[in-house]
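So this one's start_6.txt, compact mmCIF, C-alpha atoms and all ligand atoms:
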# COMPACT_ATOMS: atom_id res chain seq x y z
CA MET L 1 -144.54 -25.27 56.85
CA SER L 2 -147.63 -25.33 54.67
CA THR L 3 -148.08 -26.00 50.98
CA VAL L 4 -148.98 -23.02 48.81
CA LYS L 5 -150.52 -23.53 45.39
CA MET L 6 -149.46 -20.67 43.13
CA GLN L 7 -151.08 -19.76 39.85
CA SER L 8 -148.39 -18.43 37.56
CA VAL L 9 -150.34 -15.58 35.97
CA ARG L 10 -152.00 -13.63 38.72
CA LEU L 11 -153.94 -10.53 39.55
CA PRO L 12 -153.49 -10.92 43.32
CA ILE L 13 -156.53 -9.71 45.24
CA ASP L 14 -156.11 -7.99 48.62
CA GLN L 15 -158.25 -8.45 51.75
CA ASN L 16 -160.74 -5.87 50.45
CA GLY L 17 -161.30 -7.69 47.15
CA ASN L 18 -159.26 -5.19 45.12
CA VAL L 19 -156.46 -5.99 42.69
CA ALA L 20 -153.22 -5.64 44.65
CA GLN L 21 -151.12 -2.89 43.10
CA LEU L 22 -147.99 -5.01 43.03
CA HIS L 23 -146.53 -3.48 39.89
CA GLY L 24 -142.79 -2.90 39.47
CA LEU L 25 -142.63 -4.27 42.97
CA GLY L 26 -139.92 -4.72 45.57
CA VAL L 27 -140.22 -7.43 48.26
CA GLN L 28 -138.25 -7.80 51.49
CA CYS L 29 -138.69 -10.15 54.42
CA PHE L 30 -138.59 -8.33 57.77
CA ASP L 31 -139.05 -10.45 60.93
CA GLY L 32 -140.51 -13.35 58.97
CA ILE L 33 -143.16 -11.27 57.17
CA TYR L 34 -142.91 -10.42 53.47
CA TYR L 35 -143.41 -6.74 52.69
CA ALA L 36 -144.18 -5.85 49.08
CA TYR L 37 -143.98 -2.27 47.83
CA GLY L 38 -145.75 -1.66 44.56
CA GLU L 39 -146.59 1.06 42.09
CA ASN L 40 -150.22 2.09 42.50
CA LYS L 41 -151.41 2.20 38.90
CA VAL L 42 -155.20 2.19 39.45
CA ASN L 43 -155.58 5.43 37.50
CA GLY L 44 -152.90 5.03 34.85
CA GLY L 45 -149.20 5.77 34.66
CA LEU L 46 -148.79 8.92 36.78
CA PHE L 47 -147.70 8.73 40.40
CA GLN L 48 -150.46 7.75 42.85
CA GLY L 49 -148.26 6.75 45.78
CA VAL L 50 -146.48 3.57 46.77
CA VAL L 51 -148.67 0.88 48.33
CA CYS L 52 -147.40 -1.65 50.86
CA TYR L 53 -148.81 -5.15 51.26
CA THR L 54 -147.77 -7.85 53.70
CA SER L 55 -147.96 -11.61 53.46
CA SER L 56 -146.76 -14.65 55.37
CA ASP L 57 -146.86 -16.91 52.30
CA LEU L 58 -146.25 -14.64 49.28
CA HIS L 59 -149.71 -15.60 48.00
CA ASP L 60 -152.30 -13.76 50.09
CA TRP L 61 -151.59 -10.06 50.55
CA VAL L 62 -152.93 -7.56 53.08
CA ASN L 63 -153.11 -3.97 51.85
CA HIS L 64 -151.70 -1.42 54.32
CA GLY L 65 -152.43 1.55 52.08
CA ILE L 66 -150.19 4.25 50.69
CA VAL L 67 -146.83 4.34 52.48
CA LEU L 68 -145.18 6.97 50.28
CA ALA L 69 -147.83 9.56 49.52
CA PRO L 70 -147.71 11.89 46.53
CA ARG L 71 -146.32 15.35 47.34
CA SER L 72 -148.40 18.44 46.61
CA THR L 73 -145.95 19.84 44.04
CA GLY L 74 -142.64 19.02 42.42
CA LEU L 75 -141.08 15.59 42.20
CA LEU L 76 -143.37 12.74 43.38
CA ALA L 77 -146.48 14.90 42.87
CA THR L 78 -149.46 13.40 41.02
CA ASP L 79 -148.40 14.93 37.69
CA THR L 80 -145.05 13.08 37.78
CA ILE L 81 -143.94 9.49 37.21
CA ALA L 82 -142.37 7.31 39.91
CA GLU L 83 -141.62 3.65 39.37
CA ARG L 84 -140.02 0.55 40.89
CA PRO L 85 -140.14 1.29 44.64
CA LYS L 86 -137.55 -0.77 46.51
CA VAL L 87 -136.97 -0.84 50.27
CA LEU L 88 -134.00 -2.01 52.31
CA GLN L 89 -133.56 -1.97 56.07
CA CYS L 90 -130.23 -0.37 56.90
CA PRO L 91 -128.41 -2.57 59.44
CA THR L 92 -126.43 0.39 60.81
CA THR L 93 -129.36 2.69 61.57
CA GLY L 94 -132.33 0.28 61.58
CA GLU L 95 -134.08 2.73 59.26
CA TYR L 96 -136.14 1.59 56.26
CA VAL L 97 -134.86 3.31 53.13
CA MET L 98 -136.93 3.46 49.95
CA PHE L 99 -135.45 4.11 46.53
CA ILE L 100 -137.73 4.94 43.62
CA HIS L 101 -137.19 5.99 40.02
CA ALA L 102 -138.50 9.57 39.91
CA GLU L 103 -139.36 11.54 36.79
CA ARG L 104 -141.12 14.80 36.05
CA HIS L 105 -143.66 14.75 33.20
CA ASP L 106 -141.70 12.53 30.82
CA TYR L 107 -138.71 10.23 31.17
CA ASN L 108 -136.00 12.91 30.84
CA TYR L 109 -135.38 13.86 34.48
CA ALA L 110 -134.03 10.38 35.34
CA HIS L 111 -133.35 10.65 39.08
CA VAL L 112 -133.61 8.24 41.96
CA ALA L 113 -135.55 9.51 44.97
CA VAL L 114 -134.71 8.47 48.53
CA ALA L 115 -137.36 8.29 51.26
CA VAL L 116 -137.08 6.95 54.80
CA SER L 117 -139.22 5.59 57.61
CA ASP L 118 -138.74 4.02 61.02
CA ASN L 119 -141.49 1.53 60.19
CA PRO L 120 -141.68 -0.78 57.15
CA LEU L 121 -145.35 0.20 56.92
CA GLY L 122 -144.38 3.85 56.61
CA PRO L 123 -145.14 6.62 56.30
CA PHE L 124 -142.00 7.18 54.22
CA ARG L 125 -140.61 10.72 54.18
CA PHE L 126 -139.03 11.99 50.95
CA LEU L 127 -135.46 13.15 51.56
CA PHE L 128 -134.05 14.13 48.15
CA SER L 129 -133.44 12.84 44.67
CA MET L 130 -130.11 12.31 42.97
CA GLN L 131 -128.29 11.20 39.89
CA PRO L 132 -125.56 8.93 41.31
CA PHE L 133 -122.15 10.43 40.46
CA GLY L 134 -124.00 12.62 37.94
CA ASN L 135 -125.27 9.60 35.98
CA ILE L 136 -128.76 9.24 34.55
CA SER L 137 -130.81 6.91 36.77
CA ARG L 138 -133.89 5.24 35.36
CA ASP L 139 -135.05 1.73 36.34
CA ILE L 140 -133.62 0.74 39.70
CA GLY L 141 -133.21 -2.30 41.93
CA VAL L 142 -131.60 -2.88 45.32
CA PHE L 143 -129.50 -5.64 46.83
CA GLN L 144 -128.30 -6.32 50.36
CA ASP L 145 -125.27 -8.57 50.66
CA SER L 146 -124.84 -11.06 53.50
CA ASP L 147 -122.44 -8.65 55.27
CA GLY L 148 -125.12 -5.94 55.28
CA THR L 149 -123.61 -3.84 52.50
CA GLY L 150 -126.35 -2.25 50.42
CA TYR L 151 -126.29 -1.71 46.66
CA LEU L 152 -128.37 0.32 44.24
CA LEU L 153 -128.74 -1.05 40.72
CA SER L 154 -129.55 1.66 38.23
CA GLU L 155 -130.00 1.87 34.47
CA ASP L 156 -128.14 4.73 32.83
CA ARG L 157 -128.93 5.00 29.15
CA GLU L 158 -125.55 6.54 28.36
CA HIS L 159 -123.14 4.16 30.06
CA GLY L 160 -124.98 0.94 30.87
CA THR L 161 -126.48 -0.41 34.10
CA HIS L 162 -124.55 0.33 37.28
CA ILE L 163 -124.27 -1.34 40.63
CA TYR L 164 -123.50 1.38 43.17
CA ARG L 165 -122.43 0.65 46.72
CA LEU L 166 -124.50 2.52 49.29
CA SER L 167 -123.11 4.51 52.23
CA GLU L 168 -123.32 3.10 55.77
CA ALA L 169 -126.66 4.87 56.28
CA TYR L 170 -127.91 3.80 52.84
CA HIS L 171 -128.82 7.40 51.94
CA SER L 172 -126.23 7.94 49.23
CA VAL L 173 -123.90 6.08 46.89
CA VAL L 174 -120.20 5.88 47.65
CA GLU L 175 -118.83 3.72 44.83
CA ASP L 176 -119.70 2.91 41.24
CA VAL L 177 -118.73 -0.75 41.60
CA VAL L 178 -119.53 -1.97 38.11
CA CYS L 179 -121.31 -0.74 35.00
CA LEU L 180 -122.28 -3.16 32.23
CA LYS L 181 -123.85 -2.94 28.84
CA GLY L 182 -125.82 -5.88 27.47
CA ALA L 183 -124.68 -8.60 25.13
CA ASN L 184 -124.17 -7.14 21.62
CA TYR L 185 -126.30 -4.30 22.78
CA GLN L 186 -125.69 -0.58 23.08
CA TYR L 187 -127.53 -0.18 26.39
CA GLY L 188 -127.49 -1.74 29.82
CA TYR L 189 -130.49 -3.75 31.00
CA GLU L 190 -133.43 -2.20 32.82
CA SER L 191 -135.62 -3.54 35.66
CA PRO L 192 -132.33 -4.68 37.24
CA THR L 193 -132.42 -7.12 40.14
CA MET L 194 -129.81 -9.28 41.84
CA ILE L 195 -129.65 -12.28 44.16
CA LYS L 196 -126.78 -14.24 45.70
CA CYS L 197 -126.97 -18.03 45.62
CA ASN L 198 -124.27 -20.52 46.65
CA GLY L 199 -121.56 -17.85 46.52
CA PHE L 200 -122.50 -16.46 43.11
CA TYR L 201 -124.26 -13.22 42.25
CA TYR L 202 -127.02 -13.49 39.63
CA TRP L 203 -127.96 -10.21 37.96
CA PHE L 204 -131.18 -10.07 35.92
CA GLY L 205 -132.54 -7.38 33.63
CA SER L 206 -134.67 -6.67 30.62
CA GLN L 207 -133.98 -5.09 27.26
CA LEU L 208 -135.38 -1.63 26.59
CA THR L 209 -138.75 -2.13 24.91
CA GLY L 210 -141.06 0.19 26.86
CA TRP L 211 -144.11 -1.69 28.17
CA ASP L 212 -143.53 -4.57 25.72
CA SER L 213 -141.91 -7.73 26.99
CA ASN L 214 -138.64 -9.13 25.61
CA ASP L 215 -136.19 -11.93 26.30
CA ASN L 216 -134.83 -10.86 29.68
CA MET L 217 -131.20 -11.69 30.46
CA PHE L 218 -128.96 -12.70 33.35
CA ALA L 219 -125.24 -12.70 34.11
CA THR L 220 -123.28 -14.17 37.02
CA ALA L 221 -120.11 -13.36 38.95
CA SER L 222 -118.34 -14.51 42.09
CA THR L 223 -117.77 -10.90 43.21
CA ILE L 224 -119.89 -7.85 42.45
CA GLU L 225 -116.85 -6.16 40.88
CA GLY L 226 -116.76 -9.04 38.38
CA PRO L 227 -115.65 -10.36 36.03
CA TRP L 228 -119.26 -10.94 34.98
CA SER L 229 -120.25 -13.73 32.59
CA GLU L 230 -121.83 -13.08 29.23
CA TRP L 231 -125.50 -12.11 29.41
CA LYS L 232 -127.88 -14.92 28.45
CA PRO L 233 -131.65 -15.36 28.36
CA PHE L 234 -133.12 -17.45 31.19
CA ALA L 235 -136.45 -18.30 29.53
CA PRO L 236 -137.02 -19.88 26.11
CA VAL L 237 -135.83 -17.44 23.45
CA GLY L 238 -138.81 -15.87 21.73
CA SER L 239 -141.13 -16.44 24.71
CA TYR L 240 -140.25 -12.90 25.81
CA THR L 241 -139.69 -14.26 29.31
CA PHE L 242 -143.14 -15.87 29.10
CA ASP L 243 -144.39 -12.39 28.26
CA SER L 244 -143.09 -10.63 31.36
CA GLN L 245 -140.52 -8.16 32.63
CA CYS L 246 -138.48 -9.22 35.65
CA ASP L 247 -139.03 -7.55 39.00
CA LEU L 248 -137.40 -9.89 41.44
CA VAL L 249 -135.98 -13.30 42.20
CA LEU L 250 -136.59 -14.38 45.80
CA PRO L 251 -135.43 -17.41 47.79
CA LEU L 252 -138.26 -19.55 49.17
CA PRO L 253 -137.82 -21.36 52.51
CA ASP L 254 -138.08 -24.76 50.76
CA GLY L 255 -134.97 -24.11 48.62
CA GLN L 256 -136.80 -23.09 45.47
CA PHE L 257 -136.57 -19.60 43.98
CA LEU L 258 -139.50 -17.44 42.97
CA TYR L 259 -139.42 -15.19 39.91
CA ILE L 260 -141.88 -12.26 39.87
CA GLY L 261 -142.39 -10.24 36.70
CA ASP L 262 -144.87 -7.78 35.22
CA ARG L 263 -147.00 -8.53 32.18
CA TRP L 264 -147.73 -4.88 31.47
CA ASN L 265 -151.00 -3.82 29.91
CA PRO L 266 -150.31 -0.20 28.89
CA ASP L 267 -154.05 0.43 28.32
CA ASP L 268 -154.92 -0.66 31.85
CA LEU L 269 -151.72 -0.61 33.91
CA GLY L 270 -153.51 -1.17 37.22
CA ASN L 271 -154.85 -4.50 36.01
CA SER L 272 -151.55 -5.72 34.56
CA PRO L 273 -151.07 -9.30 35.76
CA THR L 274 -147.88 -10.45 37.45
CA LEU L 275 -146.08 -13.73 36.77
CA TRP L 276 -145.06 -15.87 39.73
CA LEU L 277 -142.89 -18.73 38.48
CA PRO L 278 -140.20 -21.02 39.86
CA ILE L 279 -136.70 -20.32 38.60
CA THR L 280 -133.76 -22.70 38.98
CA LEU L 281 -130.41 -21.16 39.94
CA LYS L 282 -127.61 -23.68 39.84
CA ASP L 283 -123.95 -23.72 38.80
CA ARG L 284 -124.21 -20.16 37.44
CA GLU L 285 -127.20 -21.06 35.25
CA ALA L 286 -130.71 -19.65 35.61
CA VAL L 287 -133.74 -21.33 34.04
CA LEU L 288 -137.30 -20.08 34.30
CA HIS L 289 -139.87 -22.88 34.10
CA TRP L 290 -143.39 -22.61 32.79
CA HIS L 291 -146.21 -24.10 34.85
CA ASP L 292 -149.85 -23.02 34.86
CA GLU L 293 -149.67 -23.57 38.58
CA TRP L 294 -147.10 -25.00 40.98
CA THR L 295 -146.51 -25.47 44.71
CA TYR L 296 -143.97 -24.52 47.34
CA GLU L 297 -143.64 -25.04 51.07
CA ILE L 298 -143.56 -22.04 53.32
C1 LIG L 301 -139.79 0.03 31.01
C2 LIG L 301 -139.59 0.15 32.49
O1 LIG L 301 -138.98 -1.01 32.98
C3 LIG L 301 -140.94 0.34 33.16
O2 LIG L 301 -140.75 0.45 34.54
C4 LIG L 301 -141.59 1.56 32.57
O3 LIG L 301 -140.78 2.67 32.81
C5 LIG L 301 -141.74 1.40 31.08
N1 LIG L 301 -140.44 1.17 30.49
C6 LIG L 301 -142.37 2.63 30.43
O4 LIG L 301 -142.38 2.51 29.05
What would you get if you wrote out this structure as structure tokens?
Ligand code: DGJ
Amino acid sequence: MSTVKMQSVRLPIDQNGNVAQLHGLGVQCFDGIYYAYGENKVNGGLFQGVVCYTSSDLHDWVNHGIVLAPRSTGLLATDTIAERPKVLQCPTTGEYVMFIHAERHDYNYAHVAVAVSDNPLGPFRFLFSMQPFGNISRDIGVFQDSDGTGYLLSEDREHGTHIYRLSEAYHSVVEDVVCLKGANYQYGYESPTMIKCNGFYYWFGSQLTGWDSNDNMFATASTIEGPWSEWKPFAPVGSYTFDSQCDLVLPLPDGQFLYIGDRWNPDDLGNSPTLWLPITLKDREAVLHWHDEWTYEI
């Protein structure tokens, strides 16, 4: 193990000296290496492909280039929007399956696109897009339970945010396991992400404020079906989650948990910093701690 010093507000730089496009990112650990899939926002908000970076310490990232390339026309072309790429490895097939929020020219199409690859470094091949059980699908997240079951988390402006169970091959959804709205709130939460810790599921999400940050929320349950606790903020109220929007909570090998969030700059999305902070998960409570910098062992 080595000690990593992490600055909390970061514009991570890749091996070529460029700002790593780790926006709206998904991270998975495959064979001891962290793979991060991010929105490439160098030239603004339209789709420019999904970039993959790898790291052994979650601090220094190697850019492997575009792993889901824009298509020449239609969905996922360069005149469309595609956000929050998330990848899972399907235990049944071994295949890497990417889910990504796919739009046309505005946010009204509201589909999730599915792309696959035999290699975590791609290239990923677009299969199709869908609206799970006919529901709107905007911000997404993924979760793999300890028994290998895969889940898609998806914000549906009409009904709330869903957790769908994926099929054996992870290509489709087979059950709408739960759908929640927020606390005293007419919508579900977006940028949804989930982690399991000591037998409890922790579900995180943000309110719907566009690129602006807000007090992000979490709820807990002992089964995904619920019952789920009330939603509560996990950072000081009014800090707007230390001015960030949650992407992920990841376990670190030393027992700590890492929170990653976006501090969006809508005028320069590609240079939006990310927040990398320790978060405590204990007894169904989640608390995000501010530090200018902090350390972990990896
Ligand atoms: C909030 C979402 O979480 C982001 O991914 C992005 O879609 C912005 N809205 C756009 O306003």
List every residue of chain L that has an atom at most 12 Å from any atom of ligand LIG 301 (chain L), giving for each one its closest atom pair and the distance in Å to one decimal, counting all atoms listed in the file, sorted by chain and then by ascending residue number, as CSV.
residue,atom,partner,partner_atom,distance
L:His23,CA,L:LIG301,O2,8.8
L:Gly24,CA,L:LIG301,O2,6.3
L:Leu25,CA,L:LIG301,O2,9.8
L:Gly38,CA,L:LIG301,O2,11.4
L:Glu39,CA,L:LIG301,O2,9.6
L:Lys41,CA,L:LIG301,O2,11.6
L:Gly44,CA,L:LIG301,C6,11.7
L:Gly45,CA,L:LIG301,C6,8.6
L:Leu46,CA,L:LIG301,O3,10.9
L:Phe47,CA,L:LIG301,O3,11.9
L:Ile81,CA,L:LIG301,O3,8.7
L:Ala82,CA,L:LIG301,O3,8.6
L:Glu83,CA,L:LIG301,O2,5.9
L:Arg84,CA,L:LIG301,O2,6.4
L:Pro85,CA,L:LIG301,O2,10.2
L:Ile100,CA,L:LIG301,O2,10.6
L:His101,CA,L:LIG301,O2,8.6
L:Ala102,CA,L:LIG301,O3,10.2
L:Glu103,CA,L:LIG301,O3,9.8
L:Asp106,CA,L:LIG301,C6,9.9
L:Tyr107,CA,L:LIG301,O3,8.0
L:Asn108,CA,L:LIG301,O3,11.5
L:Ala110,CA,L:LIG301,O3,10.6
L:Ser137,CA,L:LIG301,O3,11.5
L:Arg138,CA,L:LIG301,O3,7.8
L:Asp139,CA,L:LIG301,O1,5.9
L:Ile140,CA,L:LIG301,O1,8.8
L:Gly141,CA,L:LIG301,O1,10.7
L:Ser154,CA,L:LIG301,O1,11.1
L:Glu155,CA,L:LIG301,O1,9.5
L:Gly188,CA,L:LIG301,O1,11.9
L:Tyr189,CA,L:LIG301,O1,9.1
L:Glu190,CA,L:LIG301,O1,5.7
L:Ser191,CA,L:LIG301,O1,5.0
L:Pro192,CA,L:LIG301,O1,8.7
L:Thr193,CA,L:LIG301,O1,11.5
L:Gly205,CA,L:LIG301,O1,9.1
L:Ser206,CA,L:LIG301,O1,7.5
L:Gln207,CA,L:LIG301,C1,8.6
L:Leu208,CA,L:LIG301,C1,6.5
L:Thr209,CA,L:LIG301,C1,6.6
L:Gly210,CA,L:LIG301,O4,3.5
L:Trp211,CA,L:LIG301,O4,4.6
L:Asp212,CA,L:LIG301,O4,7.9
L:Ser213,CA,L:LIG301,C1,9.0
L:Asn214,CA,L:LIG301,C1,10.7
L:Asn216,CA,L:LIG301,O1,11.2
L:Ser244,CA,L:LIG301,O1,10.6
L:Gln245,CA,L:LIG301,O1,7.3
L:Cys246,CA,L:LIG301,O1,8.6
L:Asp247,CA,L:LIG301,O1,8.9
L:Gly261,CA,L:LIG301,O1,10.5
L:Asp262,CA,L:LIG301,O2,9.2
L:Arg263,CA,L:LIG301,C3,10.8
L:Trp264,CA,L:LIG301,C5,8.7
L:Asn265,CA,L:LIG301,C5,10.7
L:Pro266,CA,L:LIG301,O4,8.4
L:Asp267,CA,L:LIG301,O4,11.9
L:Leu269,CA,L:LIG301,C4,10.4
Nearest to Gly150 (chain L) by atom-to-atom distance, counting only C-alpha atoms, from L:Pro132, L:Pro91, L:Pro278, L:Pro227: L:Pro91
Non-local contacts of Gly26 (chain L) (6 Å; all atoms listed in the file; under 5 positions in same chain excluded) as an MDAnalysis selection string: chainID L and resid 36:37 86
Which residues are close to Gln144 (chain L), i.e. within 10 Å by all atoms listed in the file, leaving aside same-chain residues fewer than 5 positions away? Reply as a count of residues only. 13
Straight-line distance linking CA of Asp215 (chain L) with CA of Asp145 (chain L), stated in Å to one decimal: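 CA of Asp145 (chain L) lies 26.9 Å from CA of Asp215 (chain L).
You will find CA of Met130 (chain L) at 20.4 Å from CA of Leu180 (chain L).
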For a test of reading the model, state the distance in Å between CA of Leu68 (chain L) and CA of Gly49 (chain L), rounded to one decimal. 5.5 Å
Report as an MDAnalysis selection string all protein, DNA and RNA residues lying within 9 Å of Thr3 (chain L), evaluated on only C-alpha atoms, omitting residues in the same chain fewer than 6 positions from it. chainID L and resid 295:298
Given the point (-156.1, -14.0, 39.5) in the coordinates of this file, which residues lie within 12 Å, counting all atoms listed in the file, and how would they look as an MDAnalysis selection string? chainID L and resid 6:14 17:20 59:60 271:276 292:293
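The closest residue to Tyr109 (chain L), picked from L:Val87, L:Leu75, L:Leu121, L:Ile279 and counting only C-alpha atoms, is L:Leu75.
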Got a sec: who's within 10 Å of Gln186 (chain L), counting only C-alpha atoms, leaving out chain neighbours fewer than 2 positions off, as a PyMOL selection string? chain L and resi 157-160+181-184+188-189
Could those residues be written to a file, using C-alpha atoms, as an mmCIF file, in the frame of the given file?
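As written to disk, result.cif reads:
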data_model
loop_
_atom_site.group_PDB
_atom_site.id
_atom_site.type_symbol
_atom_site.label_atom_id
_atom_site.label_comp_id
_atom_site.auth_asym_id
_atom_site.auth_seq_id
_atom_site.Cartn_x
_atom_site.Cartn_y
_atom_site.Cartn_z
ATOM 1 C CA ARG L 157 -128.930 5.000 29.150
ATOM 2 C CA GLU L 158 -125.550 6.540 28.360
ATOM 3 C CA HIS L 159 -123.140 4.160 30.060
ATOM 4 C CA GLY L 160 -124.980 0.940 30.870
ATOM 5 C CA LYS L 181 -123.850 -2.940 28.840
ATOM 6 C CA GLY L 182 -125.820 -5.880 27.470
ATOM 7 C CA ALA L 183 -124.680 -8.600 25.130
ATOM 8 C CA ASN L 184 -124.170 -7.140 21.620
ATOM 9 C CA GLY L 188 -127.490 -1.740 29.820
ATOM 10 C CA TYR L 189 -130.490 -3.750 31.000
#
Pick from L:Leu58, L:Leu248, L:Cys197, L:Ile260 nearest to Glu285 (chain L), counting only C-alpha atoms: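 Residue with the minimum atom-to-atom distance to Glu285 (chain L): L:Cys197.
Remark: for His64 (chain L), the closest of the candidate residues L:Thr80, L:Val50, L:Leu153, L:Tyr187 is L:Val50 (distances computed over all atoms listed in the file).
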Find the residues near Gly65 (chain L): any atom within 8 Å, counting only C-alpha atoms, skip ones fewer than 5 places away on the same chain, and give them as an mmCIF file with C-alpha atoms, in the coordinates of the input.
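The resulting file, part38.cif, is shown below:
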data_model
loop_
_atom_site.group_PDB
_atom_site.id
_atom_site.type_symbol
_atom_site.label_atom_id
_atom_site.label_comp_id
_atom_site.auth_asym_id
_atom_site.auth_seq_id
_atom_site.Cartn_x
_atom_site.Cartn_y
_atom_site.Cartn_z
ATOM 1 C CA VAL L 51 -148.670 0.880 48.330
ATOM 2 C CA CYS L 52 -147.400 -1.650 50.860
ATOM 3 C CA TYR L 53 -148.810 -5.150 51.260
#
May I ask which of the residues L:Val237, L:Cys29, L:Ile136, L:Val42 is the closest one to Thr54 (chain L), counting only C-alpha atoms?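 Closest to Thr54 (chain L) of all the choices is L:Cys29.
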Under the rule that all atoms listed in the file are counted, which of L:His162, L:Asp147, L:Val97, L:Ala286 is the nearest residue to Leu127 (chain L)?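 Comparing L:His162, L:Asp147, L:Val97, L:Ala286 against Leu127 (chain L), the winner is L:Val97.
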Export region 135-147 of chain L of the preceding structure, keeping N, CA, C and O atoms, as an mmCIF file, in the first residue's frame.
data_model
loop_
_atom_site.group_PDB
_atom_site.id
_atom_site.type_symbol
_atom_site.label_atom_id
_atom_site.label_comp_id
_atom_site.auth_asym_id
_atom_site.auth_seq_id
_atom_site.Cartn_x
_atom_site.Cartn_y
_atom_site.Cartn_z
ATOM 1 N N ASN L 135 -40.700 4.343 -19.634
ATOM 2 C CA ASN L 135 -40.497 5.518 -18.785
ATOM 3 C C ASN L 135 -39.385 6.409 -19.321
ATOM 4 O O ASN L 135 -38.364 5.919 -19.823
ATOM 5 N N ILE L 136 -39.586 7.720 -19.157
ATOM 6 C CA ILE L 136 -38.526 8.688 -19.435
ATOM 7 C C ILE L 136 -37.259 8.253 -18.709
ATOM 8 O O ILE L 136 -37.324 7.791 -17.572
ATOM 9 N N SER L 137 -36.094 8.416 -19.348
ATOM 10 C CA SER L 137 -34.837 8.075 -18.669
ATOM 11 C C SER L 137 -33.843 9.186 -18.915
ATOM 12 O O SER L 137 -33.373 9.370 -20.033
ATOM 13 N N ARG L 138 -33.535 9.913 -17.868
ATOM 14 C CA ARG L 138 -32.568 11.020 -18.001
ATOM 15 C C ARG L 138 -31.291 10.625 -17.261
ATOM 16 O O ARG L 138 -30.651 9.650 -17.639
ATOM 17 N N ASP L 139 -30.898 11.325 -16.212
ATOM 18 C CA ASP L 139 -29.643 10.941 -15.545
ATOM 19 C C ASP L 139 -29.684 9.479 -15.115
ATOM 20 O O ASP L 139 -30.697 9.006 -14.584
ATOM 21 N N ILE L 140 -28.562 8.801 -15.308
ATOM 22 C CA ILE L 140 -28.506 7.381 -14.931
ATOM 23 C C ILE L 140 -27.321 7.092 -14.014
ATOM 24 O O ILE L 140 -26.360 7.864 -13.928
ATOM 25 N N GLY L 141 -27.397 5.943 -13.358
ATOM 26 C CA GLY L 141 -26.283 5.371 -12.603
ATOM 27 C C GLY L 141 -26.404 3.864 -12.719
ATOM 28 O O GLY L 141 -27.423 3.355 -13.209
ATOM 29 N N VAL L 142 -25.374 3.147 -12.290
ATOM 30 C CA VAL L 142 -25.448 1.680 -12.296
ATOM 31 C C VAL L 142 -24.986 1.161 -10.942
ATOM 32 O O VAL L 142 -24.272 1.842 -10.207
ATOM 33 N N PHE L 143 -25.388 -0.070 -10.650
ATOM 34 C CA PHE L 143 -24.967 -0.699 -9.401
ATOM 35 C C PHE L 143 -24.898 -2.193 -9.643
ATOM 36 O O PHE L 143 -25.773 -2.765 -10.296
ATOM 37 N N GLN L 144 -23.827 -2.817 -9.126
ATOM 38 C CA GLN L 144 -23.721 -4.275 -9.197
ATOM 39 C C GLN L 144 -23.708 -4.814 -7.777
ATOM 40 O O GLN L 144 -22.832 -4.452 -6.977
ATOM 41 N N ASP L 145 -24.674 -5.655 -7.465
ATOM 42 C CA ASP L 145 -24.756 -6.200 -6.109
ATOM 43 C C ASP L 145 -23.730 -7.318 -5.937
ATOM 44 O O ASP L 145 -23.168 -7.831 -6.914
ATOM 45 N N SER L 146 -23.528 -7.732 -4.673
ATOM 46 C CA SER L 146 -22.487 -8.731 -4.408
ATOM 47 C C SER L 146 -22.800 -10.071 -5.067
ATOM 48 O O SER L 146 -21.885 -10.852 -5.328
ATOM 49 N N ASP L 147 -24.072 -10.351 -5.396
ATOM 50 C CA ASP L 147 -24.407 -11.604 -6.085
ATOM 51 C C ASP L 147 -24.327 -11.467 -7.603
ATOM 52 O O ASP L 147 -24.692 -12.381 -8.336
#
